[in-house]
file my_file-v3.cif (mmCIF, C-alpha atoms and all ligand atoms)
data_coords
#
loop_
_atom_site.label_atom_id
_atom_site.label_comp_id
_atom_site.auth_asym_id
_atom_site.auth_seq_id
_atom_site.Cartn_x
_atom_site.Cartn_y
_atom_site.Cartn_z
CA MET A 1 2.07 -12.88 0.03
CA HIS A 2 2.78 -9.42 1.40
CA GLU A 3 1.79 -10.89 4.76
CA VAL A 4 5.47 -11.77 5.16
CA SER A 5 6.48 -8.11 4.86
CA ILE A 6 3.68 -7.03 7.16
CA MET A 7 4.61 -9.58 9.82
CA ALA A 8 8.29 -8.69 9.53
CA GLU A 9 7.25 -5.13 10.30
CA ALA A 10 5.16 -6.39 13.26
CA VAL A 11 8.23 -8.17 14.65
CA ARG A 12 10.36 -5.08 14.12
CA MET A 13 7.90 -2.84 15.96
CA ALA A 14 7.32 -5.34 18.77
CA VAL A 15 11.05 -5.91 19.33
CA GLU A 16 11.72 -2.17 19.25
CA SER A 17 9.12 -1.47 21.93
CA ALA A 18 10.21 -4.43 24.06
CA GLN A 19 13.81 -3.25 23.98
CA ALA A 20 12.74 0.28 24.81
CA ALA A 21 10.91 -1.14 27.83
CA GLY A 22 13.90 -3.20 28.85
CA ALA A 23 12.11 -6.51 28.31
CA GLY A 24 14.03 -9.59 27.23
CA ARG A 25 11.26 -11.66 25.72
CA ILE A 26 8.06 -11.10 23.81
CA THR A 27 5.39 -13.55 24.88
CA GLY A 28 2.35 -12.29 23.02
CA LEU A 29 1.27 -10.02 20.22
CA ARG A 30 -2.17 -8.73 19.36
CA LEU A 31 -2.98 -7.41 15.89
CA ARG A 32 -6.12 -5.77 14.55
CA VAL A 33 -6.88 -6.69 10.95
CA GLY A 34 -9.70 -5.13 8.97
CA ALA A 35 -11.88 -7.26 6.69
CA LEU A 36 -10.94 -4.99 3.78
CA SER A 37 -7.26 -4.57 4.62
CA GLY A 38 -6.17 -6.98 1.90
CA ALA A 39 -4.20 -9.09 4.40
CA VAL A 40 -5.25 -12.66 5.09
CA PRO A 41 -5.12 -13.72 8.78
CA ASP A 42 -4.13 -17.32 7.98
CA ALA A 43 -1.25 -16.13 5.86
CA MET A 44 -0.23 -13.75 8.65
CA ARG A 45 -0.17 -16.59 11.16
CA PHE A 46 1.90 -18.69 8.82
CA ALA A 47 4.33 -15.84 8.19
CA TRP A 48 4.60 -15.09 11.90
CA ASP A 49 6.36 -18.37 12.69
CA VAL A 50 8.90 -17.73 9.98
CA VAL A 51 9.69 -14.09 10.66
CA SER A 52 9.75 -14.34 14.47
CA ARG A 53 12.19 -17.24 14.47
CA ASP A 54 15.62 -16.19 15.82
CA THR A 55 14.15 -13.10 17.48
CA ILE A 56 13.08 -12.40 21.08
CA ALA A 57 9.52 -12.90 19.82
CA ALA A 58 10.07 -16.55 18.85
CA GLY A 59 7.26 -18.73 20.17
CA ALA A 60 5.12 -15.76 21.19
CA ARG A 61 1.36 -16.15 21.08
CA LEU A 62 -0.23 -14.34 18.14
CA GLU A 63 -3.77 -13.04 18.44
CA ILE A 64 -5.53 -11.55 15.46
CA GLU A 65 -8.61 -9.50 16.18
CA PRO A 66 -10.71 -9.25 13.03
CA VAL A 67 -12.40 -5.90 12.40
CA PRO A 68 -15.59 -6.09 10.34
CA ALA A 69 -16.09 -3.36 7.78
CA ALA A 70 -18.48 -0.54 8.59
CA GLY A 71 -19.80 2.16 6.30
CA TRP A 72 -21.08 5.57 7.30
CA CYS A 73 -24.35 7.06 6.14
CA ALA A 74 -24.26 10.85 6.27
CA THR A 75 -28.03 11.07 5.89
CA CYS A 76 -28.87 8.83 8.84
CA ARG A 77 -25.71 9.85 10.67
CA ALA A 78 -25.21 6.20 11.51
CA GLU A 79 -22.86 3.34 10.78
CA PHE A 80 -23.92 0.20 8.99
CA ALA A 81 -22.25 -3.17 8.45
CA CYS A 82 -20.91 -3.65 4.95
CA ALA A 83 -18.98 -6.19 2.98
CA ASP A 84 -17.51 -3.87 0.41
CA PHE A 85 -16.38 -0.32 -0.29
CA PHE A 86 -19.56 0.70 -1.90
CA ASN A 87 -22.76 0.10 -0.07
CA GLU A 88 -26.33 1.02 0.35
CA CYS A 89 -27.48 2.23 3.73
CA PRO A 90 -30.04 -0.35 4.95
CA ARG A 91 -32.18 2.42 6.45
CA CYS A 92 -32.45 5.10 3.77
CA HIS A 93 -30.97 3.20 0.79
CA ASN A 94 -28.63 6.05 -0.05
CA VAL A 95 -25.33 4.83 -1.36
CA SER A 96 -22.20 5.62 0.61
CA GLY A 97 -18.56 5.10 -0.23
CA GLU A 98 -17.35 6.29 3.14
CA LEU A 99 -15.71 3.50 5.05
CA ARG A 100 -15.45 3.94 8.81
CA ARG A 101 -13.70 0.68 9.67
CA GLY A 102 -12.30 -2.33 7.88
CA ARG A 103 -8.92 -1.14 6.55
CA GLU A 104 -7.05 -1.67 9.84
CA LEU A 105 -3.62 -3.22 9.85
CA ASP A 106 -2.57 -2.36 13.39
CA ILE A 107 -0.40 -3.66 16.15
CA ALA A 108 -2.68 -3.37 19.19
CA SER A 109 -0.49 -4.58 22.02
CA VAL A 110 2.63 -6.51 22.93
CA GLU A 111 3.14 -8.72 25.96
CA MET A 112 6.62 -9.22 27.31
CA ASN A 113 8.65 -10.09 30.35
CA MET B 1 7.29 11.25 29.23
CA CYS B 2 10.03 9.42 31.06
CA LYS B 3 9.51 9.60 34.81
CA GLU B 4 12.99 8.36 35.62
CA CYS B 5 14.91 11.19 34.06
CA GLY B 6 12.37 13.68 32.78
CA CYS B 7 14.02 13.78 29.36
CA GLY B 8 10.72 14.20 27.56
CA LEU B 9 11.11 11.17 25.32
CA GLY B 10 8.48 8.51 25.02
CA GLY B 11 4.83 8.92 24.22
CA ASP B 12 1.99 8.70 26.69
CA ASP B 13 0.52 5.92 24.55
CA VAL B 14 3.27 3.60 25.70
CA LYS B 15 2.60 2.38 29.18
CA ILE B 16 4.02 -0.49 31.13
CA GLY B 17 2.04 -1.44 34.16
CA GLY B 18 0.78 2.14 34.36
CA HIS B 19 4.19 3.82 33.97
CA SER B 20 5.29 5.62 30.87
CA ARG B 21 8.47 4.41 29.27
CA HIS B 22 10.79 5.46 26.53
CA HIS B 23 10.06 4.62 22.94
CA GLY B 24 13.72 4.55 22.08
CA HIS B 25 17.10 4.73 23.73
CA SER B 26 18.66 7.34 21.55
CA HIS B 27 19.72 9.37 24.60
CA GLY B 28 22.75 8.43 26.55
CA HIS B 29 21.91 7.60 30.16
CA SER B 30 21.61 4.08 31.47
CA HIS B 31 18.49 2.30 32.51
CA GLY B 32 20.20 -0.09 34.84
CA HIS B 33 17.31 -0.12 37.26
CA GLU B 34 15.28 -1.99 34.70
CA HIS B 35 17.78 -4.77 34.24
CA HIS B 36 19.63 -5.42 37.46
CA HIS B 37 17.08 -5.92 40.18
CA GLY B 38 16.93 -9.33 41.72
CA HIS B 39 13.39 -10.62 41.12
CA SER B 40 11.99 -11.80 37.83
CA HIS B 41 9.78 -9.55 35.70
CA ALA B 42 6.06 -9.98 35.84
CA PRO B 43 4.60 -10.17 32.34
CA ILE B 44 3.77 -6.71 31.11
CA LYS B 45 1.39 -5.64 28.42
CA LEU B 46 2.09 -2.62 26.31
CA ASP B 47 -0.69 -1.01 24.33
CA LEU B 48 0.75 0.26 21.07
CA ASN B 49 -2.21 0.88 18.76
CA ARG B 50 0.03 1.75 15.85
CA SER B 51 -0.36 0.97 12.18
CA LEU B 52 1.91 -1.69 10.74
CA MET B 53 2.10 0.48 7.65
CA GLU B 54 3.34 3.59 9.45
CA LYS B 55 6.98 3.23 8.41
CA ASN B 56 6.07 2.79 4.75
CA ASP B 57 3.53 5.61 4.96
CA ARG B 58 6.18 7.91 6.42
CA LEU B 59 8.67 7.06 3.66
CA ALA B 60 5.95 7.48 1.05
CA GLU B 61 5.19 10.98 2.33
CA ARG B 62 8.88 11.77 2.12
CA ASN B 63 8.94 10.53 -1.48
CA ARG B 64 5.88 12.62 -2.26
CA GLY B 65 7.54 15.77 -0.94
CA PHE B 66 10.72 15.04 -2.85
CA PHE B 67 8.85 14.33 -6.11
CA LYS B 68 6.79 17.47 -5.69
CA ALA B 69 9.90 19.56 -5.23
CA LYS B 70 11.19 18.06 -8.48
CA LYS B 71 7.88 18.96 -10.16
CA LEU B 72 7.29 15.37 -11.18
CA LEU B 73 3.95 13.78 -11.91
CA VAL B 74 4.25 10.29 -10.42
CA LEU B 75 2.09 7.32 -11.45
CA ASN B 76 1.88 3.95 -9.70
CA VAL B 77 0.65 1.50 -12.35
CA VAL B 78 -0.90 -1.71 -11.02
CA SER B 79 -2.70 -4.68 -12.57
CA SER B 80 -2.71 -8.45 -12.85
CA PRO B 81 0.23 -9.94 -14.79
CA GLY B 82 -0.25 -9.50 -18.53
CA SER B 83 -2.88 -6.76 -18.44
CA GLY B 84 -0.56 -4.60 -20.51
CA LYS B 85 1.33 -2.37 -18.06
CA THR B 86 4.69 -2.38 -19.83
CA THR B 87 3.16 -1.88 -23.28
CA PHE B 88 0.91 0.91 -21.98
CA ILE B 89 3.84 2.69 -20.32
CA ARG B 90 6.00 2.34 -23.45
CA GLU B 91 3.28 3.78 -25.70
CA THR B 92 2.51 6.56 -23.24
CA ALA B 93 6.18 7.56 -23.18
CA ALA B 94 6.49 7.37 -26.97
CA GLN B 95 3.43 9.50 -27.60
CA LEU B 96 4.34 12.08 -24.97
CA ALA B 97 7.74 12.58 -26.63
CA GLY B 98 8.30 16.25 -27.38
CA LYS B 99 5.76 17.27 -24.72
CA LEU B 100 6.74 15.50 -21.52
CA ARG B 101 9.74 13.36 -20.68
CA VAL B 102 8.93 10.00 -19.08
CA GLY B 103 11.16 8.00 -16.73
CA VAL B 104 10.24 4.54 -15.47
CA ILE B 105 10.84 2.44 -12.37
CA VAL B 106 9.83 -1.13 -13.01
CA GLY B 107 9.33 -3.79 -10.38
CA ASP B 108 9.55 -7.41 -11.32
CA LEU B 109 9.86 -10.63 -9.39
CA ALA B 110 12.84 -12.03 -11.24
CA THR B 111 13.58 -11.06 -14.82
CA ASP B 112 14.49 -7.72 -16.33
CA ASN B 113 12.57 -8.28 -19.58
CA ASP B 114 10.26 -5.33 -18.97
CA ALA B 115 13.16 -2.98 -18.26
CA ALA B 116 14.88 -4.16 -21.44
CA ARG B 117 11.73 -3.57 -23.52
CA LEU B 118 11.46 -0.02 -22.20
CA ARG B 119 15.16 0.70 -22.55
CA GLU B 120 15.07 -0.40 -26.20
CA ALA B 121 12.42 2.25 -26.73
CA GLY B 122 14.88 4.85 -25.43
CA ILE B 123 13.13 5.40 -22.10
CA PRO B 124 15.27 5.96 -18.97
CA VAL B 125 14.44 3.02 -16.73
CA VAL B 126 15.54 1.54 -13.42
CA GLN B 127 14.66 -2.04 -12.60
CA ILE B 128 13.81 -3.26 -9.10
CA THR B 129 14.04 -7.03 -8.81
CA THR B 130 11.88 -7.82 -5.85
CA GLY B 131 12.69 -11.53 -5.59
CA ALA B 132 10.04 -13.14 -3.40
CA VAL B 133 8.45 -9.81 -2.51
CA CYS B 134 5.17 -9.31 -4.33
CA HIS B 135 4.91 -5.53 -4.18
CA LEU B 136 7.03 -2.40 -4.30
CA ASP B 137 7.37 -0.31 -1.16
CA ALA B 138 8.26 3.32 -0.64
CA ASP B 139 11.85 2.56 0.37
CA MET B 140 12.57 0.57 -2.82
CA VAL B 141 11.13 3.40 -4.89
CA SER B 142 13.20 6.05 -3.17
CA LYS B 143 16.39 4.04 -3.80
CA ALA B 144 15.46 3.39 -7.43
CA ALA B 145 14.52 7.03 -8.04
CA ALA B 146 18.00 8.06 -6.89
CA GLN B 147 19.39 6.18 -9.89
CA LEU B 148 17.41 8.23 -12.40
CA ASP B 149 18.37 11.70 -13.55
CA LEU B 150 15.11 13.21 -12.35
CA ASP B 151 15.99 16.68 -13.62
CA LYS B 152 15.45 15.23 -17.09
CA VAL B 153 12.09 13.67 -16.24
CA ASP B 154 8.59 15.20 -16.07
CA VAL B 155 6.48 12.11 -15.54
CA LEU B 156 7.80 9.27 -13.38
CA VAL B 157 5.93 6.05 -14.01
CA ILE B 158 6.29 3.18 -11.56
CA GLU B 159 5.29 -0.22 -12.95
CA ASN B 160 4.35 -2.19 -9.87
CA VAL B 161 4.62 -5.97 -9.54
CA GLY B 162 1.80 -7.72 -11.44
CA ASN B 163 -0.61 -8.43 -8.63
CA LEU B 164 -3.87 -6.84 -7.51
CA VAL B 165 -3.61 -7.73 -3.84
CA CYS B 166 -0.34 -6.86 -2.21
CA PRO B 167 0.52 -3.48 -3.77
CA ALA B 168 -2.82 -2.09 -2.54
CA ASP B 169 -1.54 -1.46 0.99
CA TYR B 170 1.72 0.19 -0.05
CA ASP B 171 1.71 3.91 -0.75
CA LEU B 172 4.79 4.73 -2.83
CA GLY B 173 4.40 8.49 -2.73
CA GLU B 174 2.67 8.62 -6.12
CA ASP B 175 0.27 11.33 -7.26
CA LEU B 176 -2.00 8.89 -9.05
CA ARG B 177 -2.61 5.21 -8.66
CA VAL B 178 -3.50 3.83 -12.08
CA VAL B 179 -5.16 0.41 -12.19
CA LEU B 180 -5.38 -1.50 -15.47
CA LEU B 181 -8.09 -3.96 -16.45
CA SER B 182 -7.69 -5.63 -19.82
CA THR B 183 -10.59 -6.79 -21.97
CA THR B 184 -9.24 -10.34 -21.74
CA GLU B 185 -9.82 -10.44 -17.98
CA GLY B 186 -13.13 -10.92 -16.23
CA GLU B 187 -15.43 -7.92 -15.98
CA ASP B 188 -15.82 -8.74 -12.29
CA LYS B 189 -12.15 -8.08 -11.42
CA PRO B 190 -13.06 -4.82 -9.62
CA LEU B 191 -15.46 -6.76 -7.40
CA LYS B 192 -12.88 -9.42 -6.68
CA TYR B 193 -10.13 -6.97 -5.73
CA PRO B 194 -11.99 -4.07 -4.14
CA PRO B 195 -9.15 -2.59 -2.04
CA MET B 196 -6.99 -2.06 -5.11
CA PHE B 197 -9.71 -0.79 -7.40
CA HIS B 198 -11.13 1.39 -4.68
CA SER B 199 -7.80 3.06 -4.00
CA ALA B 200 -7.16 4.00 -7.64
CA GLN B 201 -7.57 7.54 -8.95
CA VAL B 202 -7.45 6.28 -12.52
CA ALA B 203 -8.85 3.07 -14.02
CA VAL B 204 -7.83 2.10 -17.55
CA ILE B 205 -9.51 -0.57 -19.63
CA THR B 206 -6.76 -1.85 -21.93
CA LYS B 207 -6.68 -3.99 -25.09
CA THR B 208 -9.93 -2.56 -26.45
CA ASP B 209 -8.77 -3.71 -29.93
CA ILE B 210 -9.51 -7.31 -28.99
CA ALA B 211 -12.58 -6.66 -26.83
CA ALA B 212 -15.00 -8.26 -29.30
CA ALA B 213 -12.87 -11.36 -29.80
CA ALA B 214 -12.52 -11.69 -26.03
CA GLY B 215 -16.28 -11.42 -25.54
CA PHE B 216 -15.77 -8.43 -23.27
CA ASP B 217 -18.95 -7.02 -21.73
CA ARG B 218 -18.12 -3.32 -21.69
CA GLU B 219 -21.23 -2.10 -19.88
CA GLN B 220 -20.77 -4.60 -17.10
CA ALA B 221 -17.09 -3.74 -16.68
CA LEU B 222 -17.83 -0.02 -16.58
CA GLY B 223 -20.63 -0.61 -14.11
CA ASN B 224 -18.33 -2.57 -11.81
CA LEU B 225 -15.60 0.05 -12.09
CA ARG B 226 -17.98 2.89 -11.27
CA ARG B 227 -19.24 0.92 -8.32
CA VAL B 228 -15.89 0.12 -6.73
CA SER B 229 -13.54 2.78 -8.12
CA HIS B 230 -16.05 5.53 -7.68
CA HIS B 231 -13.45 8.27 -7.36
CA ALA B 232 -11.59 7.14 -10.44
CA GLU B 233 -11.29 8.75 -13.82
CA ILE B 234 -11.94 5.99 -16.39
CA PHE B 235 -10.19 5.55 -19.75
CA GLU B 236 -10.67 2.91 -22.43
CA LEU B 237 -7.83 2.38 -24.86
CA SER B 238 -5.61 0.12 -26.89
CA SER B 239 -1.85 0.44 -26.56
CA LYS B 240 -1.60 -1.53 -29.78
CA THR B 241 -3.74 0.57 -32.14
CA GLY B 242 -3.58 3.82 -30.18
CA GLN B 243 -7.36 4.00 -30.06
CA GLY B 244 -8.49 6.02 -27.02
CA MET B 245 -4.92 6.97 -26.17
CA GLN B 246 -5.31 10.70 -26.83
CA ALA B 247 -7.76 11.31 -23.96
CA TRP B 248 -5.32 9.66 -21.58
CA LEU B 249 -2.37 11.73 -22.84
CA ASP B 250 -4.38 14.96 -22.58
CA PHE B 251 -5.30 14.01 -19.03
CA LEU B 252 -1.63 13.50 -18.12
CA VAL B 253 -0.57 16.81 -19.63
CA LYS B 254 -3.32 18.54 -17.68
CA GLN B 255 -2.41 16.74 -14.43
CA ARG B 256 1.25 17.68 -14.83
CA GLY B 257 0.27 21.29 -15.47
CA GLU B 258 -1.85 21.45 -12.34
CA GLY B 259 0.67 19.65 -10.13
N1 LIG C 1 -4.06 -6.74 -28.55
C1 LIG C 1 -3.43 -6.06 -27.58
N2 LIG C 1 -2.42 -6.67 -26.90
C2 LIG C 1 -1.80 -5.96 -25.93
C3 LIG C 1 -2.16 -4.62 -25.63
N3 LIG C 1 -1.37 -4.20 -24.61
C4 LIG C 1 -0.55 -5.21 -24.32
N4 LIG C 1 -0.80 -6.28 -25.09
C5 LIG C 1 -0.13 -7.59 -25.06
O1 LIG C 1 -0.40 -8.23 -23.82
C6 LIG C 1 0.74 -8.97 -23.39
C7 LIG C 1 1.16 -8.52 -21.99
O2 LIG C 1 1.53 -7.15 -22.04
P1 LIG C 1 2.53 -6.49 -21.03
O3 LIG C 1 2.64 -5.06 -21.40
O4 LIG C 1 3.81 -7.26 -20.95
O5 LIG C 1 1.73 -6.68 -19.67
P2 LIG C 1 2.23 -6.49 -18.14
O6 LIG C 1 2.57 -7.84 -17.62
O7 LIG C 1 1.02 -5.94 -17.43
O8 LIG C 1 3.38 -5.55 -18.14
C8 LIG C 1 1.83 -8.72 -24.42
O9 LIG C 1 1.84 -9.81 -25.29
C9 LIG C 1 1.37 -7.47 -25.13
O10 LIG C 1 1.83 -7.41 -26.45
C10 LIG C 1 -3.23 -4.02 -26.39
O11 LIG C 1 -3.61 -2.85 -26.20
N5 LIG C 1 -3.82 -4.78 -27.35
MG MG C 2 5.28 -5.70 -17.28
ZN ZN C 3 -28.98 6.12 5.59
#
call {"tool": "encode", "arguments": {"input": "my_file-v3.cif", "output": "structure tokens"}}
result
Amino acid sequence: MHEVSIMAEAVRMAVESAQAAGAGRITGLRLRVGALSGAVPDAMRFAWDVVSRDTIAAGARLEIEPVPAAGWCATCRAEFACADFFNECPRCHNVSGELRRGRELDIASVEMN
Amino acid sequence: MCKECGCGLGGDDVKIGGHSRHHGHSHGHSHGHEHHHGHSHAPIKLDLNRSLMEKNDRLAERNRGFFKAKKLLVLNVVSSPGSGKTTFIRETAAQLAGKLRVGVIVGDLATDNDAARLREAGIPVVQITTGAVCHLDADMVSKAAAQLDLDKVDVLVIENVGNLVCPADYDLGEDLRVVLLSTTEGEDKPLKYPPMFHSAQVAVITKTDIAAAAGFDREQALGNLRRVSHHAEIFELSSKTGQGMQAWLDFLVKQRGEG
């Protein structure tokens, strides 16, 4: 349920940058959400409608770009797709805990006019 | 940087239709040219590429600096509801008495039962009632900490809201994140909640006194913890019988000494 807090922060940041740019309305918002971020896209979408109501972002289109998790193998010096924090490199079978992507909880862009 | 007035505000990451703009309007001049021209605005897209957690992360760093200056060891204790956080914190405080002074910030959705239980044990405690919010954030912790006499505290323990999902993303400015797994829960909890278990520096298996009755598979639980929480120091203890508690207390004393 912390999606509500996260989306409230998304609205705050979007409104702040729109105001700084002198825009009156936010028409779109693009987020980047990692598979291992702990946030659930459906819950974020649901929260968005609630927290954007009564703001200049009301009714704006919300896009959520999912980011699959990727681990890093130091031996092969290569990334590999992973589902978890702790994974075996498919090439050399060494185990790596180094996550390169998948924890993202970012605001990518805001559209406004 | 702002091309209109050259004031130096605004990052190059913020661009509107190719022109840099201000991030904020903290300076005094007007931007009338942006508002009063006669035609309507074309839609503009602004690339931000900023973390939604940046405000909390900033406040957490501020807390960390403040706590460090106060020479506090700060723990963020997380688990599912009922894993034994409050009992564990109470026993830790009681057994550290005479060596280290413990203060507690406790987050709870509605009631103040936990705070009352700790207060009865003579522990200085501040309660944060989070209402519908399922996690503590750095701002709540900074406000709560201001209500404690931190000059009389060596170890500040934060009991987070009972939940293994939401608190994972929120840095509070702690030194150590301590995740609890009781023997009455499934051994596969670490696999089900990897972000939380992965982020912990300490993992504690609690309620070892009833492990047999609960049919707890110790080897499997340890295996899962080592797999997901692979940076974590692991303890196994019972807050009820005190079994295994000493290693944990020694660890805290050592951590405080090094901090
Ligand atoms: N047998 C046993 N029970 C425990 C232990 N620690 C806590 N409990 C019990 O577990 C229940 C939940 O504990 P509590 O500390 O309130 O958990 P919290 O919700 O994580 O704060 C209470 O009934 C405690 O008495 C333990 O080490 N052994
Ligand atoms: Mg409790
Ligand atoms: Zn490899």
call {"tool": "residues_around", "arguments": {"input": "my_file-v3.cif", "residues": "range 96-104 of chain B", "least_positions_apart": "3", "cutoff": "6 Å", "atoms": "only C-alpha atoms", "output": "PyMOL selection string"}}
result
chain B and resi 93+124-125+153-158
call {"tool": "residues_around", "arguments": {"input": "my_file-v3.cif", "residues": "Val165 in chain B", "least_positions_apart": "3", "cutoff": "12 Å", "atoms": "only C-alpha atoms", "output": "JSON, numbers by chain"}}
result
{"A": [1, 2, 3, 36, 37, 38, 39, 40], "B": [78, 79, 80, 81, 134, 135, 136, 160, 161, 162, 168, 169, 170, 179, 189, 190, 192, 193, 194, 195, 196, 197, 198, 199]}
call {"tool": "residues_around", "arguments": {"input": "my_file-v3.cif", "residues": "Glu111 in chain A", "least_positions_apart": "3", "cutoff": "12 Å", "atoms": "only C-alpha atoms", "output": "ChimeraX atom specification"}}
result
/A:14-15,17-18,21,23-31,56-57,60-63,107-108 /B:15-17,41-48
call {"tool": "residues_around", "arguments": {"input": "my_file-v3.cif", "residues": "Thr130 in chain B", "least_positions_apart": "5", "cutoff": "7 Å", "atoms": "all atoms listed in the file", "output": "short mmCIF file (atom, residue, chain, number, x, y, z; two decimals) with C-alpha atoms, in the frame of the given file"}}
result
data_model
loop_
_atom_site.label_atom_id
_atom_site.label_comp_id
_atom_site.auth_asym_id
_atom_site.auth_seq_id
_atom_site.Cartn_x
_atom_site.Cartn_y
_atom_site.Cartn_z
CA GLY B 107 9.33 -3.79 -10.38
CA ASP B 108 9.55 -7.41 -11.32
CA LEU B 109 9.86 -10.63 -9.39
CA ALA B 110 12.84 -12.03 -11.24
#
call {"tool": "closest_residue", "arguments": {"input": "my_file-v3.cif", "among": "A:Pro41, A:Gly22, A:Gly71, A:Pro90", "to": "chain B", "atoms": "only C-alpha atoms"}}
result
A:Gly22
call {"tool": "atom_distance", "arguments": {"input": "my_file-v3.cif", "atom1": "CA of Val178 in chain B", "atom2": "CA of Ile128 in chain B"}}
result
18.9 Å
call {"tool": "residues_near_ligand", "arguments": {"input": "my_file-v3.cif", "ligand": "ligand LIG 1 (chain C)", "cutoff": "8 Å", "atoms": "only C-alpha atoms and all ligand atoms", "output": "PyMOL selection string"}}
result
chain B and resi 78-89+114+159+162+206-210+237-242
call {"tool": "closest_residue", "arguments": {"input": "my_file-v3.cif", "among": "B:Leu176, B:Phe251, B:Glu91, B:Val133", "to": "chain A", "atoms": "all atoms listed in the file"}}
result
B:Val133
call {"tool": "closest_residue", "arguments": {"input": "my_file-v3.cif", "among": "B:Asp137, B:Ala214, B:Arg117, B:Leu148", "to": "chain A", "atoms": "all atoms listed in the file"}}
result
B:Asp137
call {"tool": "residues_near_ligand", "arguments": {"input": "my_file-v3.cif", "ligand": "ligand ZN 3 (chain C)", "cutoff": "10 Å", "atoms": "all atoms listed in the file", "output": "NGL selection string"}}
result
:A and (72-80 or 88-96)
call {"tool": "closest_residue", "arguments": {"input": "my_file-v3.cif", "among": "B:Val126, B:Ala213, B:Val77, B:Ala146", "to": "ligand MG 2 (chain C)", "atoms": "only C-alpha atoms and all ligand atoms"}}
result
B:Val77
call {"tool": "atom_distance", "arguments": {"input": "my_file-v3.cif", "atom1": "CA of Val106 in chain B", "atom2": "CA of Gly131 in chain B"}}
result
13.1 Å
